[in-house]
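Pasted below: coords03.txt, compact mmCIF, C-alpha atoms and all ligand atoms.
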# COMPACT_ATOMS: atom_id res chain seq x y z
CA MET A 19 -10.72 9.95 -43.93
CA HIS A 20 -9.23 10.88 -40.56
CA ASN A 21 -8.98 14.57 -39.87
CA PHE A 22 -8.22 14.47 -36.12
CA GLY A 23 -11.59 16.02 -35.39
CA LEU A 24 -10.10 19.49 -35.69
CA THR A 25 -11.57 20.67 -38.98
CA PRO A 26 -14.68 19.80 -40.92
CA SER A 27 -13.96 17.45 -43.82
CA THR A 28 -14.60 18.67 -47.39
CA GLU A 29 -17.87 16.72 -47.44
CA ASP A 30 -19.09 18.91 -44.58
CA LEU A 31 -18.49 22.18 -46.41
CA SER A 32 -21.93 22.48 -47.95
CA PRO A 33 -23.45 26.00 -48.24
CA GLU A 34 -25.70 25.27 -45.22
CA HIS A 35 -22.72 24.20 -43.17
CA ALA A 36 -20.79 27.25 -44.36
CA SER A 37 -23.29 29.70 -42.98
CA ALA A 38 -23.43 27.86 -39.67
CA SER A 39 -19.65 27.99 -39.30
CA ASP A 40 -19.10 31.43 -40.77
CA THR A 41 -17.03 32.65 -37.88
CA LEU A 42 -14.60 29.77 -38.15
CA PHE A 43 -14.26 29.53 -41.91
CA SER A 44 -15.29 32.65 -43.74
CA MET A 45 -17.24 31.43 -46.78
CA ASN A 46 -18.66 34.74 -47.99
CA GLY A 47 -15.95 35.30 -50.56
CA LYS A 48 -14.32 38.14 -48.64
CA HIS A 49 -11.44 36.00 -47.40
CA GLY A 50 -11.66 33.29 -50.06
CA VAL A 51 -13.12 29.82 -49.81
CA VAL A 52 -11.60 27.10 -47.62
CA ASP A 53 -11.15 24.38 -50.20
CA SER A 54 -8.82 21.94 -48.50
CA THR A 55 -8.54 20.43 -45.04
CA LEU A 56 -5.36 20.00 -43.04
CA ASP A 57 -5.55 16.32 -43.83
CA GLU A 58 -5.21 16.98 -47.54
CA ARG A 59 -2.61 19.72 -47.26
CA GLN A 60 0.98 18.85 -46.48
CA ASP A 61 3.19 21.15 -44.46
CA GLY A 62 6.27 21.01 -42.31
CA PHE A 63 4.33 19.57 -39.36
CA THR A 64 2.60 16.78 -41.26
CA TRP A 65 5.30 14.14 -40.89
CA LYS A 66 5.42 14.16 -37.12
CA ILE A 67 1.67 14.31 -36.67
CA ASP A 68 1.26 11.42 -39.11
CA GLU A 69 3.99 9.42 -37.39
CA TRP A 70 2.05 9.49 -34.11
CA TRP A 71 -1.19 8.77 -35.86
CA GLN A 72 0.26 5.64 -37.48
CA ARG A 73 1.92 4.51 -34.26
CA THR A 74 -1.22 4.76 -32.17
CA GLU A 75 -3.51 3.35 -34.86
CA GLN A 76 -1.24 0.32 -35.28
CA ALA A 77 -1.20 -0.33 -31.53
CA LYS A 78 -5.00 -0.04 -31.42
CA THR A 79 -5.38 -2.44 -34.38
CA GLU A 80 -3.17 -4.98 -32.59
CA ASP A 81 -5.14 -4.53 -29.35
CA LEU A 82 -2.02 -3.26 -27.59
CA TYR A 83 -3.18 0.28 -26.78
CA TYR A 84 -4.27 0.70 -23.16
CA TYR A 85 -3.67 4.43 -22.62
CA PHE A 86 -6.59 6.77 -21.84
CA GLN A 87 -8.93 3.97 -20.73
CA PRO A 88 -11.84 5.76 -19.03
CA VAL A 89 -12.47 4.52 -15.51
CA GLU A 90 -16.22 4.21 -14.97
CA ALA A 91 -16.29 3.34 -11.28
CA VAL A 92 -13.89 3.30 -8.33
CA ASP A 93 -14.17 0.93 -5.39
CA GLY A 94 -11.07 1.17 -3.20
CA ALA A 95 -8.19 -0.44 -5.09
CA TRP A 96 -10.53 -1.78 -7.79
CA VAL A 97 -11.87 0.11 -10.81
CA VAL A 98 -14.23 -0.66 -13.68
CA THR A 99 -13.17 0.12 -17.25
CA GLU A 100 -15.37 -0.75 -20.22
CA GLY A 101 -17.46 -2.92 -17.94
CA GLN A 102 -14.46 -4.96 -16.69
CA ARG A 103 -13.44 -4.92 -13.00
CA LYS A 104 -9.68 -4.50 -12.60
CA LEU A 105 -7.24 -4.18 -9.72
CA MET A 106 -5.57 -0.77 -10.04
CA PHE A 107 -1.76 -0.76 -10.15
CA ALA A 108 -1.33 2.44 -12.18
CA THR A 109 -2.35 4.89 -9.47
CA TYR A 110 -0.51 7.53 -7.45
CA SER A 111 -3.06 7.39 -4.63
CA TYR A 112 -0.42 5.88 -2.37
CA LEU A 113 -2.36 6.07 0.88
CA GLY A 114 -5.75 5.25 -0.69
CA LEU A 115 -7.36 8.63 0.09
CA LEU A 116 -9.24 9.05 -3.21
CA GLN A 117 -12.67 8.35 -1.73
CA HIS A 118 -12.07 9.44 1.85
CA PRO A 119 -15.43 10.61 3.27
CA ARG A 120 -13.96 13.61 5.13
CA ILE A 121 -12.27 14.86 1.95
CA ILE A 122 -15.40 14.39 -0.16
CA ALA A 123 -17.53 16.22 2.42
CA ALA A 124 -15.10 19.17 2.51
CA ALA A 125 -15.26 19.49 -1.30
CA GLN A 126 -19.06 19.37 -1.24
CA ARG A 127 -19.31 22.08 1.42
CA ALA A 128 -16.96 24.34 -0.56
CA VAL A 129 -18.80 24.03 -3.85
CA GLU A 130 -22.09 24.83 -2.14
CA LYS A 131 -20.67 27.91 -0.43
CA TYR A 132 -18.45 29.38 -3.20
CA GLY A 133 -19.66 27.79 -6.47
CA ALA A 134 -17.64 25.86 -9.02
CA GLY A 135 -14.94 28.39 -9.94
CA THR A 136 -13.26 31.62 -8.83
CA HIS A 137 -12.84 35.12 -10.25
CA GLY A 138 -9.62 34.20 -12.06
CA VAL A 139 -5.94 34.52 -11.17
CA ARG A 140 -4.89 34.57 -7.52
CA ILE A 141 -3.06 37.90 -7.61
CA LEU A 142 -6.20 39.72 -8.83
CA GLY A 143 -9.72 38.55 -7.94
CA GLY A 144 -9.15 34.79 -7.71
CA THR A 145 -8.06 34.34 -4.09
CA ILE A 146 -10.65 33.05 -1.60
CA ASP A 147 -10.10 32.40 2.08
CA LEU A 148 -9.87 28.67 1.34
CA HIS A 149 -6.65 29.27 -0.65
CA VAL A 150 -5.09 31.08 2.29
CA GLU A 151 -6.10 28.29 4.66
CA MET A 152 -4.75 25.63 2.24
CA GLU A 153 -1.35 27.33 1.93
CA ARG A 154 -1.09 27.80 5.69
CA THR A 155 -1.94 24.14 6.21
CA ILE A 156 0.72 23.02 3.71
CA ALA A 157 3.33 25.32 5.28
CA ARG A 158 2.56 23.95 8.75
CA PHE A 159 2.59 20.33 7.58
CA SER A 160 5.93 20.95 5.82
CA ASP A 161 7.34 22.80 8.84
CA ARG A 162 8.10 25.88 6.74
CA GLU A 163 7.18 29.58 7.12
CA ASP A 164 4.96 29.78 4.05
CA ALA A 165 3.73 27.96 0.95
CA ILE A 166 2.40 28.80 -2.52
CA VAL A 167 0.10 26.58 -4.59
CA PHE A 168 0.16 26.37 -8.40
CA ALA A 169 -2.36 24.82 -10.81
CA THR A 170 -0.41 21.55 -11.25
CA GLY A 171 2.82 19.95 -10.09
CA TYR A 172 4.18 20.33 -13.60
CA VAL A 173 3.55 24.09 -13.56
CA THR A 174 5.07 24.35 -10.08
CA ASN A 175 8.43 23.09 -11.28
CA LEU A 176 8.30 25.01 -14.54
CA ALA A 177 7.35 28.31 -12.90
CA THR A 178 9.58 28.07 -9.83
CA ILE A 179 12.81 27.10 -11.56
CA SER A 180 12.35 29.58 -14.40
CA ALA A 181 11.49 32.43 -11.98
CA LEU A 182 14.51 31.78 -9.77
CA VAL A 183 17.25 30.90 -12.23
CA GLY A 184 17.96 34.00 -14.30
CA ARG A 185 20.69 34.91 -16.76
CA GLY A 186 24.10 34.08 -15.29
CA ASP A 187 22.70 31.68 -12.65
CA TRP A 188 23.22 27.91 -12.68
CA VAL A 189 20.71 25.09 -12.28
CA LEU A 190 22.00 21.57 -11.69
CA SER A 191 19.55 18.72 -12.19
CA ASP A 192 19.78 14.94 -11.61
CA LYS A 193 19.65 13.08 -14.95
CA TRP A 194 16.65 11.03 -13.82
CA ASN A 195 14.58 14.02 -12.68
CA HIS A 196 10.97 14.32 -13.78
CA ALA A 197 10.16 16.02 -17.11
CA SER A 198 8.62 19.02 -15.33
CA ILE A 199 12.00 19.78 -13.72
CA VAL A 200 13.82 19.34 -17.02
CA ASP A 201 11.34 21.65 -18.74
CA GLY A 202 11.72 24.23 -15.94
CA CYS A 203 15.50 24.14 -16.44
CA LEU A 204 15.08 24.54 -20.21
CA LEU A 205 12.82 27.54 -19.70
CA ALA A 206 15.17 29.20 -17.21
CA ARG A 207 17.65 31.63 -18.69
CA GLY A 208 20.65 30.42 -16.74
CA LYS A 209 23.10 27.61 -17.39
CA PHE A 210 21.50 24.14 -17.28
CA VAL A 211 23.75 21.28 -16.13
CA ARG A 212 22.68 17.64 -15.72
CA TYR A 213 24.65 15.49 -13.29
CA ARG A 214 24.79 11.68 -13.16
CA HIS A 215 21.89 10.05 -11.35
CA ASN A 216 22.18 10.33 -7.55
CA ASP A 217 25.95 10.77 -8.01
CA ILE A 218 26.90 13.51 -5.58
CA ASP A 219 30.58 13.38 -6.61
CA ASP A 220 29.52 14.24 -10.14
CA LEU A 221 27.33 17.03 -8.74
CA GLU A 222 30.32 18.41 -6.87
CA LYS A 223 32.45 18.26 -10.02
CA GLU A 224 29.88 20.43 -11.79
CA LEU A 225 29.38 22.81 -8.86
CA ARG A 226 33.12 23.45 -8.78
CA LYS A 227 32.90 24.89 -12.29
CA ALA A 228 30.27 27.51 -11.39
CA PRO A 229 31.66 31.04 -11.17
CA GLU A 230 31.94 32.71 -7.77
CA GLY A 231 28.85 34.62 -6.66
CA VAL A 232 26.26 33.32 -9.15
CA GLY A 233 22.98 31.80 -7.96
CA LYS A 234 23.21 28.00 -7.85
CA LEU A 235 20.12 25.80 -7.65
CA VAL A 236 20.39 22.01 -7.26
CA VAL A 237 17.15 20.14 -8.06
CA ALA A 238 16.32 16.47 -7.46
CA ASP A 239 13.35 14.17 -7.01
CA ALA A 240 13.06 12.74 -3.49
CA VAL A 241 11.76 9.46 -4.94
CA PHE A 242 12.61 9.02 -8.61
CA SER A 243 9.40 8.54 -10.54
CA MET A 244 10.40 5.81 -12.99
CA ASP A 245 12.56 3.67 -10.69
CA GLY A 246 11.32 4.28 -7.15
CA ASP A 247 14.78 4.84 -5.67
CA ILE A 248 15.52 7.55 -3.09
CA LEU A 249 17.69 10.68 -3.27
CA ASN A 250 20.88 10.60 -1.21
CA LEU A 251 19.75 13.61 0.82
CA PRO A 252 22.56 13.71 3.42
CA ALA A 253 25.25 13.93 0.72
CA ALA A 254 23.23 16.40 -1.38
CA VAL A 255 22.67 18.72 1.60
CA GLU A 256 26.32 18.62 2.60
CA ILE A 257 27.55 19.49 -0.88
CA CYS A 258 24.97 22.26 -1.38
CA ARG A 259 25.99 23.90 1.91
CA ARG A 260 29.67 23.62 0.97
CA TYR A 261 29.12 25.32 -2.39
CA ASN A 262 26.47 27.79 -1.20
CA ALA A 263 23.87 26.28 -3.53
CA ARG A 264 20.13 26.14 -2.77
CA LEU A 265 18.62 22.67 -2.72
CA MET A 266 15.15 22.10 -4.21
CA VAL A 267 13.58 18.66 -3.73
CA ASP A 268 10.47 17.37 -5.51
CA GLU A 269 8.38 15.34 -3.05
CA ALA A 270 5.75 14.22 -5.59
CA HIS A 271 6.28 10.55 -4.68
CA SER A 272 7.50 10.91 -1.09
CA LEU A 273 4.72 12.97 0.49
CA GLY A 274 2.70 10.54 2.61
CA VAL A 275 5.11 7.75 1.64
CA LEU A 276 8.50 8.41 3.29
CA GLY A 277 8.84 8.86 7.05
CA ALA A 278 6.65 7.39 9.78
CA THR A 279 4.16 10.29 9.61
CA GLY A 280 4.43 10.64 5.83
CA ARG A 281 6.20 13.99 5.95
CA GLY A 282 8.65 12.97 3.28
CA ILE A 283 12.37 12.66 2.76
CA GLU A 284 13.53 14.90 5.63
CA GLU A 285 11.64 12.68 8.07
CA TYR A 286 12.99 9.54 6.39
CA TYR A 287 16.60 10.66 6.97
CA ASP A 288 15.81 12.49 10.23
CA MET A 289 17.10 15.75 8.76
CA PRO A 290 14.38 18.34 9.55
CA GLY A 291 14.78 21.71 7.85
CA SER A 292 17.58 20.58 5.54
CA ILE A 293 15.87 21.30 2.19
CA ASP A 294 15.74 24.94 1.06
CA ILE A 295 12.82 24.62 -1.38
CA LYS A 296 10.31 21.82 -0.81
CA MET A 297 8.18 21.08 -3.82
CA GLY A 298 5.23 18.70 -3.81
CA THR A 299 2.23 17.69 -5.88
CA LEU A 300 -1.42 17.63 -4.82
CA SER A 301 -2.50 14.93 -7.26
CA LYS A 302 -0.91 11.83 -5.79
CA THR A 303 -1.12 11.04 -2.06
CA ILE A 304 -3.27 14.19 -1.81
CA PRO A 305 -6.36 13.47 -3.93
CA GLY A 306 -6.73 16.73 -5.84
CA VAL A 307 -4.74 18.64 -8.41
CA GLY A 308 -2.01 21.26 -8.04
CA GLY A 309 1.51 21.63 -6.80
CA TYR A 310 3.18 23.59 -4.03
CA ILE A 311 6.41 25.13 -2.86
CA ALA A 312 6.99 25.34 0.92
CA SER A 313 9.90 27.48 2.02
CA ASP A 314 10.86 30.69 3.84
CA ARG A 315 8.43 33.58 3.60
CA LYS A 316 10.69 35.77 1.45
CA LEU A 317 11.13 33.13 -1.25
CA ILE A 318 7.37 32.48 -1.32
CA ASN A 319 6.72 36.23 -1.60
CA PHE A 320 9.18 36.37 -4.52
CA LEU A 321 7.36 33.52 -6.31
CA ARG A 322 3.92 35.04 -5.66
CA HIS A 323 4.97 38.12 -7.61
CA THR A 324 7.34 36.75 -10.27
CA ALA A 325 6.50 33.11 -11.10
CA ARG A 326 4.67 33.47 -14.40
CA GLY A 327 2.88 30.11 -14.09
CA PHE A 328 1.29 31.50 -10.91
CA VAL A 329 0.75 35.16 -11.76
CA PHE A 330 -0.80 34.47 -15.16
CA SER A 331 -2.76 31.30 -14.40
CA ALA A 332 -6.10 30.71 -12.67
CA ALA A 333 -6.71 29.83 -9.03
CA LEU A 334 -7.64 26.29 -7.99
CA PRO A 335 -11.42 25.88 -7.74
CA PRO A 336 -13.03 25.93 -4.26
CA ALA A 337 -13.91 22.21 -4.12
CA VAL A 338 -10.34 21.12 -4.94
CA THR A 339 -8.89 23.67 -2.53
CA ALA A 340 -11.02 22.50 0.38
CA ALA A 341 -10.33 18.84 -0.47
CA ILE A 342 -6.58 19.48 -0.37
CA THR A 343 -6.72 21.19 3.04
CA GLU A 344 -8.82 18.38 4.49
CA ALA A 345 -6.50 15.76 2.96
CA PHE A 346 -3.56 17.24 4.91
CA HIS A 347 -5.65 17.04 8.10
CA VAL A 348 -6.42 13.41 7.27
CA LEU A 349 -2.68 12.81 6.86
CA GLU A 350 -2.10 14.32 10.31
CA ASP A 351 -4.65 11.89 11.75
CA GLU A 352 -4.15 8.74 9.69
CA ALA A 353 -0.81 8.73 7.86
CA VAL A 354 0.99 6.65 10.49
CA GLU A 355 -1.50 3.78 10.29
CA ARG A 356 -1.89 3.94 6.50
CA ASN A 357 1.86 4.15 6.04
CA LYS A 358 2.39 0.93 8.00
CA ILE A 359 -0.05 -0.87 5.69
CA LEU A 360 1.65 0.63 2.65
CA SER A 361 5.11 -0.52 3.80
CA ARG A 362 3.79 -4.03 4.45
CA ASN A 363 2.24 -4.14 0.96
CA VAL A 364 5.41 -2.84 -0.71
CA ARG A 365 7.53 -5.53 0.98
CA HIS A 366 5.03 -8.28 0.14
CA PHE A 367 4.87 -7.21 -3.53
CA ILE A 368 8.61 -6.69 -4.15
CA GLU A 369 9.57 -9.92 -2.36
CA GLY A 370 6.97 -11.86 -4.39
CA LEU A 371 8.24 -10.47 -7.69
CA GLN A 372 11.89 -11.06 -6.83
CA ALA A 373 11.23 -14.61 -5.65
CA ALA A 374 9.69 -15.31 -9.05
CA GLY A 375 12.86 -14.06 -10.76
CA TYR A 376 11.84 -10.51 -11.71
CA ASP A 377 14.30 -7.62 -11.80
CA THR A 378 12.71 -4.72 -9.87
CA GLY A 379 15.64 -2.33 -10.28
CA LEU A 380 16.64 -0.01 -7.46
CA THR A 381 13.24 0.53 -5.88
CA GLU A 382 12.72 0.88 -2.14
CA THR A 383 9.30 2.51 -2.41
CA PRO A 384 5.74 1.89 -3.70
CA ILE A 385 6.92 2.62 -7.27
CA VAL A 386 7.95 -0.82 -8.48
CA PRO A 387 9.45 -1.15 -11.96
CA ILE A 388 8.95 -4.63 -13.38
CA MET A 389 11.79 -4.73 -15.90
CA VAL A 390 10.99 -6.52 -19.14
CA GLY A 391 13.57 -5.13 -21.62
CA SER A 392 12.00 -4.60 -25.02
CA GLU A 393 9.01 -2.46 -25.97
CA GLU A 394 7.31 -5.53 -27.54
CA ARG A 395 7.51 -7.48 -24.29
CA ALA A 396 6.21 -4.53 -22.28
CA LEU A 397 3.21 -4.19 -24.58
CA ALA A 398 2.51 -7.94 -24.54
CA MET A 399 2.78 -8.06 -20.73
CA THR A 400 0.40 -5.11 -20.43
CA GLN A 401 -2.11 -6.82 -22.71
CA TYR A 402 -1.96 -10.04 -20.67
CA CYS A 403 -2.41 -8.24 -17.35
CA GLN A 404 -5.23 -6.00 -18.57
CA LYS A 405 -7.09 -9.02 -19.96
CA HIS A 406 -6.61 -10.76 -16.60
CA ASN A 407 -8.02 -7.87 -14.55
CA VAL A 408 -4.90 -6.00 -13.49
CA PHE A 409 -4.81 -2.34 -14.56
CA ILE A 410 -1.15 -1.64 -15.39
CA LEU A 411 0.64 0.40 -18.03
CA PRO A 412 4.04 0.16 -19.68
CA VAL A 413 6.79 2.78 -19.57
CA LEU A 414 8.58 2.80 -22.90
CA PRO A 415 11.60 4.59 -24.42
CA PRO A 416 12.20 7.52 -24.72
CA ALA A 417 10.68 7.95 -21.23
CA VAL A 418 13.28 5.38 -20.06
CA PRO A 419 16.54 4.29 -21.75
CA GLU A 420 16.36 1.93 -24.75
CA GLY A 421 16.23 -1.72 -23.58
CA SER A 422 14.81 -0.85 -20.15
CA ALA A 423 11.11 -0.90 -20.98
CA ARG A 424 9.07 -1.86 -17.96
CA LEU A 425 5.69 -2.09 -16.35
CA ARG A 426 5.49 0.44 -13.57
CA ALA A 427 3.42 -0.99 -10.75
CA ASN A 428 2.38 1.31 -7.91
CA VAL A 429 1.45 -0.31 -4.63
CA THR A 430 -0.98 1.48 -2.30
CA ALA A 431 -2.39 1.24 1.20
CA ALA A 432 -5.78 0.46 -0.37
CA HIS A 433 -4.51 -2.94 -1.60
CA THR A 434 -5.31 -5.87 0.69
CA PRO A 435 -2.85 -8.79 1.12
CA GLU A 436 -5.26 -10.81 -1.09
CA ASP A 437 -5.09 -8.09 -3.76
CA ILE A 438 -1.28 -8.24 -3.72
CA ASP A 439 -1.36 -12.04 -4.06
CA PHE A 440 -3.84 -11.80 -6.92
CA ALA A 441 -1.64 -9.27 -8.76
CA LEU A 442 1.51 -11.31 -8.15
CA GLY A 443 -0.23 -14.35 -9.68
CA VAL A 444 -1.10 -12.37 -12.83
CA PHE A 445 2.33 -10.71 -13.20
CA ILE A 446 4.13 -14.02 -12.72
CA GLU A 447 1.96 -15.91 -15.20
CA ALA A 448 2.34 -13.05 -17.72
CA GLY A 449 6.14 -13.10 -17.33
CA ARG A 450 6.26 -16.87 -17.87
CA GLN A 451 4.04 -16.83 -20.93
CA ILE A 452 5.92 -13.94 -22.55
CA GLY A 453 9.33 -15.30 -21.59
CA VAL A 454 10.50 -12.57 -19.21
CA ILE A 455 10.94 -15.04 -16.34
CA GLU A 456 11.21 -18.83 -16.27
C1 LIG A 501 8.42 13.78 -9.71
C2 LIG A 501 7.23 14.49 -10.30
N1 LIG A 501 7.18 15.83 -10.26
C3 LIG A 501 6.16 16.50 -10.78
C4 LIG A 501 5.10 15.86 -11.39
C5 LIG A 501 3.99 16.65 -11.98
O1 LIG A 501 2.90 16.68 -11.13
P1 LIG A 501 1.41 16.87 -11.62
O2 LIG A 501 0.96 15.59 -12.23
O3 LIG A 501 0.68 17.23 -10.38
O4 LIG A 501 1.41 17.98 -12.63
C6 LIG A 501 5.09 14.47 -11.43
C7 LIG A 501 3.96 13.77 -12.06
O5 LIG A 501 3.87 12.58 -12.18
C8 LIG A 501 6.19 13.76 -10.90
O6 LIG A 501 6.25 12.43 -10.94

Go ahead and render the structure in this file as C-alpha cells.
Amino acid sequence: MHNFGLTPSTEDLSPEHASASDTLFSMNGKHGVVDSTLDERQDGFTWKIDEWWQRTEQAKTEDLYYYFQPVEAVDGAWVVTEGQRKLMFATYSYLGLLQHPRIIAAAQRAVEKYGAGTHGVRILGGTIDLHVEMERTIARFSDREDAIVFATGYVTNLATISALVGRGDWVLSDKWNHASIVDGCLLARGKFVRYRHNDIDDLEKELRKAPEGVGKLVVADAVFSMDGDILNLPAAVEICRRYNARLMVDEAHSLGVLGATGRGIEEYYDMPGSIDIKMGTLSKTIPGVGGYIASDRKLINFLRHTARGFVFSAALPPAVTAAITEAFHVLEDEAVERNKILSRNVRHFIEGLQAAGYDTGLTETPIVPIMVGSEERALAMTQYCQKHNVFILPVLPPAVPEGSARLRANVTAAHTPEDIDFALGVFIEAGRQIGVIE
C-alpha cells in the first residue's frame, strides 16, 4: 500500500511503535486512537493527490519518467546519473562556472571562517559582512546604487512585486513571463493585467486604461524561459516612460548571456540605465542559489523593510554568499571569452537542428526549444535521448500551450564543438525514429 511516506501504515501501529511515536500520534487514549491512515481515508484533497500519483506511477512503469534523476558526478558538460555518463543539456550553467576553482575556494574559505549557517533572518541577527560585500558587488556589476538578495529567484519576484504593488496599483505582466512573476502578481493586492507576449502595442492599450496617479509596474523576462526569445526593451522602455510606469526586468536567463561582457539586456541593446528594477537569479550563470534586485538606493531600502519574503526568511549561508561574490568577479574577468564560446555553440547547435528540419521557435539565445508537438512525442524523444547519453527533459502542457510540447535544450560554454555534434546526432536520430523530422 502506498502512503506517500508521510504517515505510518496501519501495520506499523503496534503498541511498541505507538510509544515511540507518542508525540506524533497520541496513543494513550487521551486524544483517541489513530485507526486509519490518510491512504484509507477519503477527503476533498484525495482526488488531486491520487491523480498525480497515478500519472507519475504510470510514467515510471512505462520507463518515461526522467524527472529528479540524481546526478552522482559532474565533469564539465558531462554528468553521471545511475552509473551512466550523459552530456548535460538541461542545465542553466550557461557559462560553465559550476566547478570554477576560484568560486569553490571562496566557498571553502567562508565555511571555515563563519560555519555552515547564520543567526537567522537578515534584518535581525543573520547579516554577516559577506552579505554586504555580495550586495555591493551585485550593485556595482549591475551599475546600480544598491542591491538586495533574497533566498531564491522565485522568492525575489514574489516578494518584490507583492511589496510594491498595493491596493489600487496596477501590475502589467507579459503572458509568457515566468511563474514566479505570475505568482508575485497574484499575491499583490493591486490590479493584475496580462498583455500579449512581447506585444508593446497591447501593453500600451492596457496602460491607457490605468487611472491617473496610480502606481504602474510593467514586468517582463529579458529572455523568455520556455522559448529563448528576447524582450523588445527599446519599445518597452519608451512606453513605460510615456505612461510613467516603472519597468522591472527579470534577467534570470540573460545575466552572463546577453551583451559582450554578459551584463544582460541593457548591454545587448546598448541602453545603459534604462530598466528601473533589475531582477536576477543566482542559480543559473552564477553557480549558487538566490535572487536579487538591483536598483536605486531608496527602492532597495523600501524592499529591505517591507518585502515579506526577505524580512521573514533566512539569510543565505556563508559558503553560498562568498561563492556568489566570487562568481561576479569571475564574470568581470572571464565573461567576454566565455560568452564568445557560448555564442559559437548556440549558432552551431541551432543551425544543426534547423538544417535537419527541426522547428526551434523564436529562440536567439542558449535556450533552444526543440518543438515536437504532442506530449507522447516529447516523452518518447526524452527516453531516446536519455538512453543515448544526452541528459534532456521535456516541457509539457500546462507549462506550455497544448500542442507545443518540446524538449528544452540549453547550450553552455562548457560544451565543446564535439559535444554539440554528438548531441545533434542523438537529437536528429531521435526525431527520425519518432517521426518528428524526416
Ligand atoms: C525567468 C525566471 N525567473 C525566475 C526564476 C526563479 O529562479 P530560482 O530558480 O533562482 O528560484 C526562474 C527559474 O528558472 C526563471 O526562469

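Of the listed residues A:Asn319, A:Ala165, A:Ala417, A:Leu300, the one whose atoms come nearest to Ile141 in chain A is A:Asn319, with distances taken using all atoms listed in the file.
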
Original post:
Could you name the residues that touch range 362-377 of chain A at 8 Å or less, counting all atoms listed in the file, but leaving out those on the same chain fewer than 2 positions away, as a VMD selection string?
Top reply: chain A and resid 358 to 360 379 383 to 384 386 388 to 389 429 to 431 433 to 435 438 to 439 442 446 454 to 456

Would you mind listing, for every residue of chain A within 6 Å of ligand LIG 501 (chain A), the two atoms forming the shortest contact and the distance between them in Å to one decimal, using all atoms listed in the file, sorted by chain and ascending residue number, as JSON lines?
{"residue": "A:Thr170", "atom": "CA", "partner": "A:LIG501", "partner_atom": "O4", "distance": 4.2}
{"residue": "A:Gly171", "atom": "CA", "partner": "A:LIG501", "partner_atom": "O1", "distance": 3.4}
{"residue": "A:Tyr172", "atom": "CA", "partner": "A:LIG501", "partner_atom": "O4", "distance": 3.8}
{"residue": "A:His196", "atom": "CA", "partner": "A:LIG501", "partner_atom": "C1", "distance": 4.8}
{"residue": "A:Ser198", "atom": "CA", "partner": "A:LIG501", "partner_atom": "C3", "distance": 5.8}
{"residue": "A:Asp239", "atom": "CA", "partner": "A:LIG501", "partner_atom": "C1", "distance": 5.6}
{"residue": "A:Ser243", "atom": "CA", "partner": "A:LIG501", "partner_atom": "O6", "distance": 5.0}
{"residue": "A:Asp268", "atom": "CA", "partner": "A:LIG501", "partner_atom": "C1", "distance": 5.9}
{"residue": "A:Ala270", "atom": "CA", "partner": "A:LIG501", "partner_atom": "C1", "distance": 4.9}
{"residue": "A:Thr299", "atom": "CA", "partner": "A:LIG501", "partner_atom": "O3", "distance": 4.8}
{"residue": "A:Leu300", "atom": "CA", "partner": "A:LIG501", "partner_atom": "O3", "distance": 6.0}
{"residue": "A:Ser301", "atom": "CA", "partner": "A:LIG501", "partner_atom": "O3", "distance": 5.0}
{"residue": "A:Val307", "atom": "CA", "partner": "A:LIG501", "partner_atom": "O3", "distance": 5.9}
{"residue": "A:Gly308", "atom": "CA", "partner": "A:LIG501", "partner_atom": "O3", "distance": 5.4}
{"residue": "A:Gly309", "atom": "CA", "partner": "A:LIG501", "partner_atom": "O3", "distance": 5.7}

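Candidate residues A:Met266, A:Leu205, A:Val92, A:Ala108 were compared for distance to Val413 in chain A, and the nearest is A:Ala108, using only C-alpha atoms.
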
Original post:
Can you tell me, as number ranges by chain, what residues are no more than 10 Å from Gly246 in chain A when counting only C-alpha atoms, ignoring any on the same chain fewer than 3 positions away?
Top reply: A: 240-243, 249, 271-272, 378-387, 426, 428

Original post:
Of the candidates A:Tyr402, A:Phe159, A:Phe63, A:Phe328, which one gets nearest to Thr343 in chain A if we count all atoms listed in the file?
Top reply: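 Result for the nearest residue to Thr343 in chain A: A:Phe159.
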
Any chance you could build range 430-439 of chain A out to N, CA and C atoms and write it as a PDB file, keeping the file's coordinate frame?
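Written output follows (result.pdb):
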ATOM      1  N   THR A 430      -0.343   0.488  -3.184  1.00  0.00           N
ATOM      2  CA  THR A 430      -0.980   1.480  -2.300  1.00  0.00           C
ATOM      3  C   THR A 430      -1.439   0.832  -0.995  1.00  0.00           C
ATOM      4  N   ALA A 431      -1.846   1.728  -0.080  1.00  0.00           N
ATOM      5  CA  ALA A 431      -2.390   1.240   1.200  1.00  0.00           C
ATOM      6  C   ALA A 431      -3.800   0.701   1.015  1.00  0.00           C
ATOM      7  N   ALA A 432      -4.422   0.967  -0.128  1.00  0.00           N
ATOM      8  CA  ALA A 432      -5.780   0.460  -0.370  1.00  0.00           C
ATOM      9  C   ALA A 432      -5.766  -1.008  -0.796  1.00  0.00           C
ATOM     10  N   HIS A 433      -4.598  -1.511  -1.233  1.00  0.00           N
ATOM     11  CA  HIS A 433      -4.510  -2.940  -1.600  1.00  0.00           C
ATOM     12  C   HIS A 433      -4.568  -3.799  -0.334  1.00  0.00           C
ATOM     13  N   THR A 434      -5.296  -4.904  -0.419  1.00  0.00           N
ATOM     14  CA  THR A 434      -5.310  -5.870   0.690  1.00  0.00           C
ATOM     15  C   THR A 434      -4.216  -6.911   0.399  1.00  0.00           C
ATOM     16  N   PRO A 435      -3.824  -7.716   1.394  1.00  0.00           N
ATOM     17  CA  PRO A 435      -2.850  -8.790   1.120  1.00  0.00           C
ATOM     18  C   PRO A 435      -3.365  -9.720   0.011  1.00  0.00           C
ATOM     19  N   GLU A 436      -4.687  -9.951  -0.039  1.00  0.00           N
ATOM     20  CA  GLU A 436      -5.260 -10.810  -1.090  1.00  0.00           C
ATOM     21  C   GLU A 436      -5.102 -10.149  -2.458  1.00  0.00           C
ATOM     22  N   ASP A 437      -5.282  -8.815  -2.494  1.00  0.00           N
ATOM     23  CA  ASP A 437      -5.090  -8.090  -3.760  1.00  0.00           C
ATOM     24  C   ASP A 437      -3.649  -8.266  -4.254  1.00  0.00           C
ATOM     25  N   ILE A 438      -2.693  -8.129  -3.332  1.00  0.00           N
ATOM     26  CA  ILE A 438      -1.280  -8.240  -3.720  1.00  0.00           C
ATOM     27  C   ILE A 438      -1.008  -9.652  -4.256  1.00  0.00           C
ATOM     28  N   ASP A 439      -1.550 -10.656  -3.582  1.00  0.00           N
ATOM     29  CA  ASP A 439      -1.360 -12.040  -4.060  1.00  0.00           C
ATOM     30  C   ASP A 439      -1.988 -12.234  -5.435  1.00  0.00           C
TER      31      ASP A 439
END
